[in-house]
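**Student:** So I've got this file, data27.tsv, and it contains TSV, C-alpha atoms and all ligand atoms:
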```tsv
chain	number	residue	atom	x	y	z
A	173	MET	CA	147.14	158.14	153.31
A	174	ASN	CA	144.85	155.81	151.39
A	175	TYR	CA	143.40	152.84	153.30
A	176	SER	CA	141.39	150.03	151.72
A	177	ALA	CA	139.39	147.32	153.46
A	178	CYS	CA	140.66	144.11	151.89
A	179	PHE	CA	139.30	140.56	151.84
A	180	ASP	CA	140.40	137.21	150.51
A	181	ILE	CA	137.45	134.84	150.17
A	182	GLY	CA	138.49	131.22	149.92
A	183	GLY	CA	136.64	127.94	150.31
A	184	THR	CA	137.82	127.48	153.92
A	185	PHE	CA	138.65	130.95	155.27
A	186	ILE	CA	137.83	134.58	154.71
A	187	LYS	CA	140.97	136.61	155.45
A	188	TYR	CA	140.70	140.31	156.05
A	189	GLY	CA	142.68	143.42	156.89
A	190	VAL	CA	143.15	147.10	156.20
A	191	VAL	CA	145.87	147.73	153.61
A	192	SER	CA	147.56	151.12	153.40
A	193	GLU	CA	149.01	152.66	150.25
A	194	GLU	CA	152.45	152.04	151.74
A	195	GLY	CA	151.73	148.32	151.74
A	196	LYS	CA	151.13	147.89	155.46
A	197	VAL	CA	148.50	145.38	156.59
A	198	LEU	CA	146.57	146.40	159.71
A	199	LEU	CA	143.84	144.80	161.85
A	200	HIS	CA	144.20	141.55	159.95
A	201	GLY	CA	142.66	138.21	160.81
A	202	GLN	CA	140.58	135.43	159.43
A	203	THR	CA	137.29	133.69	159.98
A	204	GLU	CA	135.83	130.47	158.64
A	205	THR	CA	133.96	130.75	155.37
A	206	PRO	CA	130.26	130.04	156.02
A	207	GLN	CA	129.03	126.88	154.34
A	208	GLU	CA	125.31	127.68	154.49
A	209	ASP	CA	123.22	130.69	153.50
A	210	THR	CA	126.37	132.10	151.89
A	211	PRO	CA	124.62	134.81	149.77
A	212	ASN	CA	123.61	136.50	153.05
A	213	ARG	CA	126.30	135.46	155.48
A	214	ILE	CA	129.34	136.36	153.37
A	215	PRO	CA	128.17	139.98	152.83
A	216	ASP	CA	127.25	140.11	156.55
A	217	ILE	CA	130.80	139.16	157.58
A	218	LEU	CA	132.32	141.70	155.19
A	219	THR	CA	130.00	144.51	156.30
A	220	GLU	CA	130.66	143.84	159.96
A	221	LYS	CA	134.45	143.96	159.43
A	222	ILE	CA	134.21	147.12	157.34
A	223	GLN	CA	132.25	148.85	160.12
A	224	TYR	CA	134.97	147.85	162.58
A	225	PHE	CA	137.77	149.00	160.24
A	226	LYS	CA	136.03	152.36	159.79
A	227	THR	CA	136.25	153.04	163.52
A	228	HIS	CA	140.07	152.89	163.22
A	229	TYR	CA	140.96	154.11	159.72
A	230	PRO	CA	139.40	156.34	157.03
A	231	ILE	CA	138.51	153.54	154.61
A	232	LYS	CA	138.38	154.77	151.02
A	233	ASN	CA	137.25	151.67	149.17
A	234	ILE	CA	136.96	147.89	149.36
A	235	GLY	CA	138.97	145.23	147.53
A	236	ILE	CA	137.87	141.60	147.43
A	237	SER	CA	139.97	138.75	146.08
A	238	SER	CA	137.75	135.72	145.59
A	239	CYS	CA	138.03	132.09	144.63
A	240	GLY	CA	135.99	130.95	141.64
A	241	LEU	CA	135.26	132.55	138.29
A	242	VAL	CA	134.56	136.24	138.75
A	243	ASP	CA	133.30	138.99	136.46
A	244	GLY	CA	135.67	141.68	137.72
A	245	THR	CA	133.95	144.44	135.74
A	246	GLU	CA	130.58	143.79	137.41
A	247	GLY	CA	132.00	142.48	140.69
A	248	LYS	CA	129.92	139.35	140.33
A	249	VAL	CA	130.79	135.75	141.16
A	250	LEU	CA	130.10	133.68	138.04
A	251	PHE	CA	130.90	130.23	139.38
A	252	SER	CA	132.39	128.67	142.48
A	253	SER	CA	132.83	124.95	142.98
A	254	ASN	CA	133.92	125.17	146.61
A	255	ILE	CA	131.44	127.57	148.27
A	256	LYS	CA	127.85	126.36	148.12
A	257	GLY	CA	125.35	128.98	146.95
A	258	TYR	CA	128.07	131.52	146.08
A	259	SER	CA	127.74	131.25	142.27
A	260	GLY	CA	125.85	134.19	140.79
A	261	LEU	CA	126.29	136.47	143.84
A	262	ARG	CA	126.50	140.16	142.90
A	263	LEU	CA	128.92	140.78	145.72
A	264	ALA	CA	130.17	144.25	144.72
A	265	ASP	CA	126.61	145.63	144.35
A	266	ILE	CA	125.55	144.25	147.74
A	267	VAL	CA	128.58	145.53	149.65
A	268	GLU	CA	128.45	148.89	147.87
A	269	ALA	CA	124.76	149.34	148.77
A	270	ARG	CA	125.48	148.52	152.42
A	271	THR	CA	128.62	150.65	152.87
A	272	GLY	CA	128.37	153.43	150.29
A	273	LEU	CA	131.97	152.69	149.28
A	274	SER	CA	133.36	151.61	145.92
A	275	VAL	CA	133.96	147.84	145.80
A	276	ALA	CA	136.02	145.70	143.43
A	277	VAL	CA	135.71	141.91	143.33
A	278	GLU	CA	138.35	140.09	141.35
A	279	ASN	CA	139.34	136.47	140.91
A	280	ASP	CA	142.14	135.49	143.30
A	281	VAL	CA	144.75	134.72	140.62
A	282	ARG	CA	144.08	137.98	138.79
A	283	SER	CA	144.26	139.83	142.12
A	284	ALA	CA	147.55	138.12	142.94
A	285	CYS	CA	148.94	139.19	139.57
A	286	LEU	CA	147.97	142.83	140.22
A	287	GLY	CA	149.51	142.50	143.70
A	288	GLU	CA	152.82	141.30	142.21
A	289	MET	CA	152.71	144.29	139.86
A	290	TRP	CA	152.26	146.59	142.82
A	291	LEU	CA	154.72	145.24	145.38
A	292	GLY	CA	156.27	142.07	144.01
A	293	ALA	CA	158.18	140.46	141.16
A	294	ALA	CA	156.41	142.41	138.39
A	295	ASN	CA	156.78	145.88	139.90
A	296	GLY	CA	156.99	148.42	137.07
A	297	LYS	CA	156.14	145.87	134.38
A	298	LYS	CA	153.22	146.07	131.95
A	299	ASP	CA	153.17	142.70	130.20
A	300	VAL	CA	152.86	140.06	132.84
A	301	VAL	CA	151.60	136.49	133.17
A	302	LEU	CA	151.11	134.78	136.53
A	303	LEU	CA	150.89	131.01	136.75
A	304	THR	CA	149.93	129.62	140.16
A	305	ILE	CA	150.80	126.01	140.83
A	306	GLY	CA	148.86	124.11	143.47
A	307	THR	CA	146.54	121.13	143.29
A	308	GLY	CA	145.43	122.81	140.05
A	309	ILE	CA	146.98	125.55	137.92
A	310	GLY	CA	145.57	129.06	137.66
A	311	GLY	CA	146.55	131.89	135.38
A	312	ALA	CA	146.26	135.63	134.90
A	313	ILE	CA	147.34	137.68	131.91
A	314	VAL	CA	148.10	141.41	131.84
A	315	ILE	CA	148.79	143.05	128.48
A	316	ASN	CA	150.02	146.65	128.34
A	317	GLY	CA	148.92	147.17	131.95
A	318	GLN	CA	145.41	145.81	131.39
A	319	LEU	CA	143.98	142.59	132.71
A	320	MET	CA	142.91	140.35	129.87
A	321	ARG	CA	139.36	139.33	130.81
A	322	GLY	CA	138.02	137.81	127.61
A	323	ALA	CA	134.54	137.90	126.08
A	324	GLY	CA	132.98	135.87	128.91
A	325	ASN	CA	135.45	136.88	131.66
A	326	LEU	CA	137.12	133.50	131.22
A	327	ALA	CA	140.54	134.48	129.83
A	328	GLY	CA	143.65	133.10	131.47
A	329	GLU	CA	142.70	129.51	132.28
A	330	LEU	CA	146.26	128.53	131.47
A	331	GLY	CA	146.00	125.30	133.47
A	332	HIS	CA	143.62	124.00	130.83
A	333	MET	CA	145.85	124.42	127.81
A	334	SER	CA	146.13	120.95	126.38
A	335	ILE	CA	149.74	119.84	126.16
A	336	VAL	CA	149.20	116.10	125.58
A	337	HIS	CA	146.88	115.03	122.77
A	338	ASP	CA	144.46	112.42	124.14
A	339	GLY	CA	146.21	112.65	127.51
A	340	GLU	CA	144.91	112.42	131.09
A	341	SER	CA	141.26	113.41	131.46
A	342	CYS	CA	140.64	116.62	133.39
A	343	PRO	CA	137.69	117.78	135.55
A	344	CYS	CA	137.16	120.55	132.95
A	345	GLY	CA	135.98	117.90	130.50
A	346	GLY	CA	139.09	118.09	128.34
A	347	ARG	CA	142.13	115.87	128.08
A	348	GLY	CA	145.84	116.42	128.46
A	349	CYS	CA	145.52	119.74	130.30
A	350	LEU	CA	148.66	121.35	131.74
A	351	GLU	CA	147.27	121.07	135.26
A	352	ARG	CA	147.04	117.29	134.88
A	353	TYR	CA	150.82	117.27	134.24
A	354	ALA	CA	152.41	120.20	136.03
A	355	SER	CA	150.38	120.72	139.22
A	356	THR	CA	151.57	119.52	142.62
A	357	SER	CA	148.94	116.76	142.39
A	358	ALA	CA	150.58	115.57	139.15
A	359	PHE	CA	154.00	115.68	140.85
A	360	VAL	CA	152.66	113.49	143.67
A	361	ARG	CA	151.09	111.10	141.14
A	362	TYR	CA	154.41	110.71	139.26
A	363	TYR	CA	156.20	109.93	142.48
A	364	GLN	CA	153.62	107.41	143.63
A	365	ASN	CA	153.76	105.61	140.26
A	366	LEU	CA	157.57	105.62	140.12
A	367	ALA	CA	157.99	104.57	143.74
A	368	GLY	CA	155.34	101.86	143.24
A	369	ASN	CA	153.35	103.07	146.23
A	370	GLN	CA	150.04	104.63	145.36
A	371	LEU	CA	148.58	104.32	148.83
A	372	GLU	CA	151.09	106.42	150.69
A	373	ASP	CA	149.77	109.84	151.62
A	374	ILE	CA	152.63	112.11	150.62
A	375	ARG	CA	152.79	115.79	149.73
A	376	GLY	CA	154.88	117.67	147.18
A	377	LYS	CA	156.97	119.23	149.93
A	378	GLU	CA	157.96	115.81	151.26
A	379	ILE	CA	158.86	114.57	147.78
A	380	MET	CA	161.09	117.64	147.37
A	381	GLU	CA	162.90	116.61	150.55
A	382	LEU	CA	163.50	113.21	148.91
A	383	VAL	CA	164.76	114.99	145.77
A	384	HIS	CA	167.36	116.76	147.90
A	385	LYS	CA	168.36	113.35	149.32
A	386	ASN	CA	168.82	111.99	145.75
A	387	ASP	CA	165.98	109.49	146.01
A	388	GLN	CA	165.72	108.11	142.46
A	389	ALA	CA	161.90	107.94	142.21
A	390	ALA	CA	161.62	111.49	143.58
A	391	LEU	CA	164.30	112.77	141.16
A	392	ASP	CA	162.54	111.15	138.20
A	393	ALA	CA	159.17	112.53	139.29
A	394	TYR	CA	160.70	116.00	139.69
A	395	GLN	CA	162.25	115.82	136.22
A	396	LEU	CA	158.90	114.89	134.65
A	397	PHE	CA	157.16	117.70	136.55
A	398	ILE	CA	159.78	120.28	135.45
A	399	ASP	CA	159.63	119.03	131.86
A	400	TYR	CA	155.85	119.41	131.59
A	401	LEU	CA	155.81	122.72	133.43
A	402	SER	CA	158.44	124.20	131.12
A	403	THR	CA	156.38	123.09	128.11
A	404	GLY	CA	153.48	125.12	129.47
A	405	LEU	CA	155.76	128.11	130.14
A	406	VAL	CA	157.18	127.97	126.60
A	407	ASN	CA	153.63	128.02	125.18
A	408	ILE	CA	152.81	131.06	127.33
A	409	ALA	CA	156.00	132.85	126.19
A	410	HIS	CA	155.21	132.13	122.54
A	411	PHE	CA	151.56	133.22	122.92
A	412	TYR	CA	152.05	136.48	124.80
A	413	ASN	CA	155.78	137.30	124.97
A	414	PRO	CA	155.30	138.95	128.39
A	415	GLU	CA	158.24	140.68	130.09
A	416	ILE	CA	157.86	138.26	132.94
A	417	ILE	CA	156.10	135.00	133.72
A	418	ILE	CA	155.68	134.76	137.48
A	419	ILE	CA	155.38	131.31	139.00
A	420	GLY	CA	153.39	131.26	142.23
A	421	GLY	CA	152.06	128.68	144.66
A	422	GLY	CA	153.60	126.52	147.36
A	423	ILE	CA	156.34	125.26	145.04
A	424	THR	CA	157.98	128.69	145.13
A	425	ALA	CA	159.15	127.86	148.67
A	426	GLN	CA	161.80	125.74	146.88
A	427	GLY	CA	163.43	129.01	145.86
A	428	ASP	CA	166.47	129.47	143.64
A	429	SER	CA	167.23	125.82	142.86
A	430	PHE	CA	163.71	125.28	141.55
A	431	LEU	CA	163.90	128.50	139.52
A	432	ALA	CA	167.27	127.44	138.05
A	433	ASP	CA	165.87	124.03	137.06
A	434	ILE	CA	162.78	125.45	135.43
A	435	ARG	CA	164.79	128.13	133.58
A	436	GLU	CA	167.19	125.51	132.24
A	437	SER	CA	164.35	123.37	130.88
A	438	TYR	CA	162.56	126.46	129.48
A	439	ASN	CA	165.70	127.70	127.74
A	440	GLN	CA	166.13	124.35	126.00
A	441	LYS	CA	162.69	124.64	124.41
A	442	VAL	CA	161.81	128.30	123.88
A	443	MET	CA	162.67	130.13	120.66
A	444	GLU	CA	165.99	131.96	120.92
A	445	LEU	CA	164.65	135.52	120.84
A	446	TYR	CA	162.28	134.86	123.74
A	447	LYS	CA	165.05	133.91	126.15
A	448	GLN	CA	165.98	137.54	126.70
A	449	SER	CA	162.57	139.21	126.48
A	450	THR	CA	160.43	136.78	128.51
A	451	ARG	CA	161.97	136.03	131.88
A	452	LEU	CA	160.80	133.52	134.45
A	453	GLU	CA	160.65	134.61	138.10
A	454	LEU	CA	159.07	133.34	141.29
A	455	ALA	CA	156.27	135.22	143.02
A	456	GLU	CA	157.66	137.51	145.74
A	457	LEU	CA	154.58	138.15	147.86
A	458	HIS	CA	153.95	135.42	150.38
A	459	ASN	CA	152.34	136.54	153.63
A	460	ASN	CA	149.27	138.67	152.95
A	461	ALA	CA	149.73	138.26	149.17
A	462	ALA	CA	145.96	137.95	148.70
A	463	LEU	CA	145.24	141.11	150.73
A	464	PHE	CA	147.83	143.04	148.68
A	465	GLY	CA	146.11	141.60	145.62
A	466	ALA	CA	142.71	142.80	146.84
A	467	TYR	CA	144.15	146.28	147.43
A	468	ALA	CA	145.71	146.28	143.97
A	469	ALA	CA	142.41	145.09	142.44
A	470	VAL	CA	140.29	147.91	143.87
A	471	ASN	CA	142.87	150.53	143.01
A	472	TYR	CA	143.22	149.03	139.51
A	473	LYS	CA	139.44	149.38	139.11
A	474	THR	CA	139.50	152.95	140.43
A	475	SER	CA	142.35	153.91	138.08
A	476	ARG	CA	140.36	152.60	135.11
A	477	THR	CA	137.08	154.32	135.94
A	478	ASN	CA	138.52	157.77	136.73
B	501	ZN	ZN	141.34	120.90	131.98
```
Show how you would write the structure in this file as C-alpha cells.
**Tutor:**
Amino acid sequence: MNYSACFDIGGTFIKYGVVSEEGKVLLHGQTETPQEDTPNRIPDILTEKIQYFKTHYPIKNIGISSCGLVDGTEGKVLFSSNIKGYSGLRLADIVEARTGLSVAVENDVRSACLGEMWLGAANGKKDVVLLTIGTGIGGAIVINGQLMRGAGNLAGELGHMSIVHDGESCPCGGRGCLERYASTSAFVRYYQNLAGNQLEDIRGKEIMELVHKNDQAALDAYQLFIDYLSTGLVNIAHFYNPEIIIIGGGITAQGDSFLADIRESYNQKVMELYKQSTRLELAELHNNAALFGAYAAVNYKTSRTN
C-alpha cells in the first residue's frame, strides 16, 4: 500500500493527513498558518508532522497543495498575497533535504483538478478544466493528461479572462475580468445593488436562500451571475474543448438545480458541436479535497519523472 504525507497550505490553516492509494485519509488535522518567519516555520511544521506520520505508516512521498502561484516543476512558491514572506520559498527542496523523500508542491487549484481526475468528477478523463468559484475565480487546465503550466508557470488564470470591455477594474490591473462578474463576491454585489442595500453584510449562501423564496432582487442577481458565468464557460469550451469543465467552490453546495441553470445558459450560447463533447459538471470531492489533490499532485509528479 502506498501512503503519502499530504498538506494543504492556505492563508489561515495548514491541513494535513496521510492519504493512502485507496483514497483513505488518516491522522488528519489542521494547525494555524504561521504569520511570521514563514520561510522557517512552515517547513518546521511540515517536517514535524512527517516525522509523526512516519511512526505510523511507511510514507513514500510528500504532496503539498499550496495557495499562491507555484512553480510545480521546481516545487517553488512564486508569489503569495496572503502569507507574508512565503513568496520565493523553495519548499520542495527544503522538505526533501530534511526528510529524504520526494516532494511535490502544486498550486491548490491545479492540485484540486488532479484530485478530481483521481477520485472525482473527472475520473478517467484526459482533457479537463477546473474552474473554482469563490471570492475570486481560479482555474486549472489539463490537456491530454498533462497539466498546462505555461512558459512562466502562469497558465490557467481563467478568472482573469476579460469578458466585459472596459468593465469593472480588477486587482490584477485589468478590467472586465470574469472574476469581477461571476465570483461569489460579484453575486453579492449584484444583490446589494438590486436590493438597494449596500451596507448589509450578506453572503452568497444567504442570497441563494432568498432565490429559493422567490425574492425578486435575489432572483435577478442570480440570473446575472449565471449569465456571466456561462459566458466564461463558453469561452473555456471554445478555447480548449475539454471533455469536462468542473465547477468547484462553495456554490457547488447548491447541487443539481444550480447545475441545471448553468447548463441551460451555457447551451444557449455555446456552438452546437460543443454541447455534446464539452460537458459541465460540479466538483465531487468536498471533505479532504485538498489532501486528495496533494496526493494526486505528488503521484502525478512521480509518474512524469519515472
Ligand atoms: Zn483580473
**Student:** Give me the residues near Leu405 in chain A as a PyMOL selection string, where near means some atom within 8 Å (using only C-alpha atoms) and where sequence neighbours in that chain fewer than 4 positions away do not count.
**Tutor:** chain A and resi 401+409+417+438
**Student:** For the residues in the current selection, export C-alpha atoms as a CSV table (one decimal), keeping the file's coordinate frame.
**Tutor:**
```
chain,number,residue,atom,x,y,z
A,401,LEU,CA,155.8,122.7,133.4
A,409,ALA,CA,156.0,132.8,126.2
A,417,ILE,CA,156.1,135.0,133.7
A,438,TYR,CA,162.6,126.5,129.5
```
**Student:** Throw together the list of residues within 10 Å of ligand ZN 501 (chain B), counting all atoms listed in the file, and drop it here as a PyMOL selection string.
**Tutor:** chain A and resi 308-309+329-334+340-352
**Student:** In Å, how far is it from CA of Leu382 in chain A to CA of Asn460 in chain A?
**Tutor:**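 One can read the CA of Leu382 in chain A to CA of Asn460 in chain A distance as 29.4 Å.
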**Student:** Name the residues, using the chain letters and numbers of the file, that sit within 12 Å of (134.2, 137.2, 153.9) when counting only C-alpha atoms, and give them as a CSV table (one decimal) with C-alpha atoms, in the coordinates of the input.
**Tutor:**
```csv
chain,number,residue,atom,x,y,z
A,177,ALA,CA,139.4,147.3,153.5
A,178,CYS,CA,140.7,144.1,151.9
A,179,PHE,CA,139.3,140.6,151.8
A,180,ASP,CA,140.4,137.2,150.5
A,181,ILE,CA,137.4,134.8,150.2
A,182,GLY,CA,138.5,131.2,149.9
A,183,GLY,CA,136.6,127.9,150.3
A,184,THR,CA,137.8,127.5,153.9
A,185,PHE,CA,138.6,131.0,155.3
A,186,ILE,CA,137.8,134.6,154.7
A,187,LYS,CA,141.0,136.6,155.4
A,188,TYR,CA,140.7,140.3,156.0
A,189,GLY,CA,142.7,143.4,156.9
A,201,GLY,CA,142.7,138.2,160.8
A,202,GLN,CA,140.6,135.4,159.4
A,203,THR,CA,137.3,133.7,160.0
A,204,GLU,CA,135.8,130.5,158.6
A,205,THR,CA,134.0,130.8,155.4
A,206,PRO,CA,130.3,130.0,156.0
A,207,GLN,CA,129.0,126.9,154.3
A,210,THR,CA,126.4,132.1,151.9
A,211,PRO,CA,124.6,134.8,149.8
A,212,ASN,CA,123.6,136.5,153.0
A,213,ARG,CA,126.3,135.5,155.5
A,214,ILE,CA,129.3,136.4,153.4
A,215,PRO,CA,128.2,140.0,152.8
A,216,ASP,CA,127.2,140.1,156.6
A,217,ILE,CA,130.8,139.2,157.6
A,218,LEU,CA,132.3,141.7,155.2
A,219,THR,CA,130.0,144.5,156.3
A,220,GLU,CA,130.7,143.8,160.0
A,221,LYS,CA,134.4,144.0,159.4
A,222,ILE,CA,134.2,147.1,157.3
A,234,ILE,CA,137.0,147.9,149.4
A,235,GLY,CA,139.0,145.2,147.5
A,236,ILE,CA,137.9,141.6,147.4
A,237,SER,CA,140.0,138.8,146.1
A,238,SER,CA,137.8,135.7,145.6
A,239,CYS,CA,138.0,132.1,144.6
A,255,ILE,CA,131.4,127.6,148.3
A,258,TYR,CA,128.1,131.5,146.1
A,263,LEU,CA,128.9,140.8,145.7
A,267,VAL,CA,128.6,145.5,149.6
A,277,VAL,CA,135.7,141.9,143.3
```
**Student:** Using Å and a single decimal, report how far CA of Arg262 in chain A sits from CA of Phe225 in chain A.
**Tutor:**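 Result for CA of Phe225 in chain A versus CA of Arg262 in chain A: 22.5 Å, one decimal.
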**Student:** Calculated over all atoms listed in the file, which of the candidates A:Thr227, A:Gln364, A:Thr450, A:Asn279 has the smallest distance to Leu241 in chain A?
**Tutor:**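 Distance minimum relative to Leu241 in chain A lands on A:Asn279.
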**Student:** To one decimal place, how far is CA of Glu415 in chain A from CA of Leu445 in chain A in Å?
**Tutor:**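 Those two atoms sit 12.4 Å apart.
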**Student:** Skip Phe430 in chain A itself and residues of its chain fewer than 5 positions away, then list as a count of residues only all residues within 10 Å of it, counting all atoms listed in the file.
**Tutor:** 9
**Student:** Please identify all polymer residues within 7 Å of range 402-404 of chain A, counting all atoms listed in the file, omitting same-chain residues fewer than 2 positions from it, and present them as a list in words.
**Tutor:**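 Using all atoms listed in the file, the neighbours found are Leu350, Ile398, Asp399, Tyr400, Val406, Asn407, Ile408, Ile434, Ser437 and Tyr438 of chain A.
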**Student:** Taking all atoms of range 242-257 of chain A that the file lists and extending 6 Å past them on each side, where is the centre of the axis-aligned box and how long are its edges? Answer in Å to one decimal, as AutoDock Vina command-line options.
**Tutor:**
```
--center_x 130.5 --center_y 134.7 --center_z 142.0 --size_x 22.3 --size_y 31.5 --size_z 24.5
```
**Student:** Find the residues around range 244-246 of chain A up to 12 Å (all atoms listed in the file counted), leave out those fewer than 3 positions away in its own chain, and share them as number ranges by chain.
**Tutor:** A: 235-238, 240-241, 249-250, 260-266, 268, 274-283, 319-327, 466, 469-470, 472-474, 476-477
**Student:** Kindly indicate which residue among A:Asp433, A:Asp392, A:Asp243, A:Glu444 lies nearest to Val360 in chain A, using only C-alpha atoms for the distances.
**Tutor:**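 Among A:Asp433, A:Asp392, A:Asp243, A:Glu444, it is A:Asp392 that comes nearest to Val360 in chain A.
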**Student:** Check the smallest atom-to-atom distance from each of A:Asn386, A:Asn295, A:Gln318, A:Ser192 to Leu457 in chain A using all atoms listed in the file, then report the winner.
**Tutor:** A:Asn295
**Student:** Considering all atoms listed in the file, can you say which of A:Ser449, A:Asn254, A:Gln388, A:Thr307 comes closest to Phe359 in chain A?
**Tutor:**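 With all atoms listed in the file as the atom set, the closest residue is A:Thr307.
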**Student:** List every protein, DNA or RNA residue that has an atom no more than 7 Å from (149.1, 144.2, 150.4) in the file's coordinate frame, counting all atoms listed in the file, and report them as a ChimeraX atom specification.
**Tutor:** /A:191,195-197,287,460-461,463-465,467
**Student:** Looking at all atoms listed in the file, which of A:Gly310, A:Pro414, A:Gly317, A:Pro230 is the one that sits closest to Ser475 in chain A?
**Tutor:**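 When distances to Ser475 in chain A are compared using all atoms listed in the file, the smallest one comes from A:Gly317.
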**Student:** With distances taken over all atoms listed in the file, which of A:Ala354, A:Tyr224, A:Ala284, A:Asn316 is nearest to Lys297 in chain A?
**Tutor:**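 For Lys297 in chain A, the nearest of the candidates is A:Asn316.
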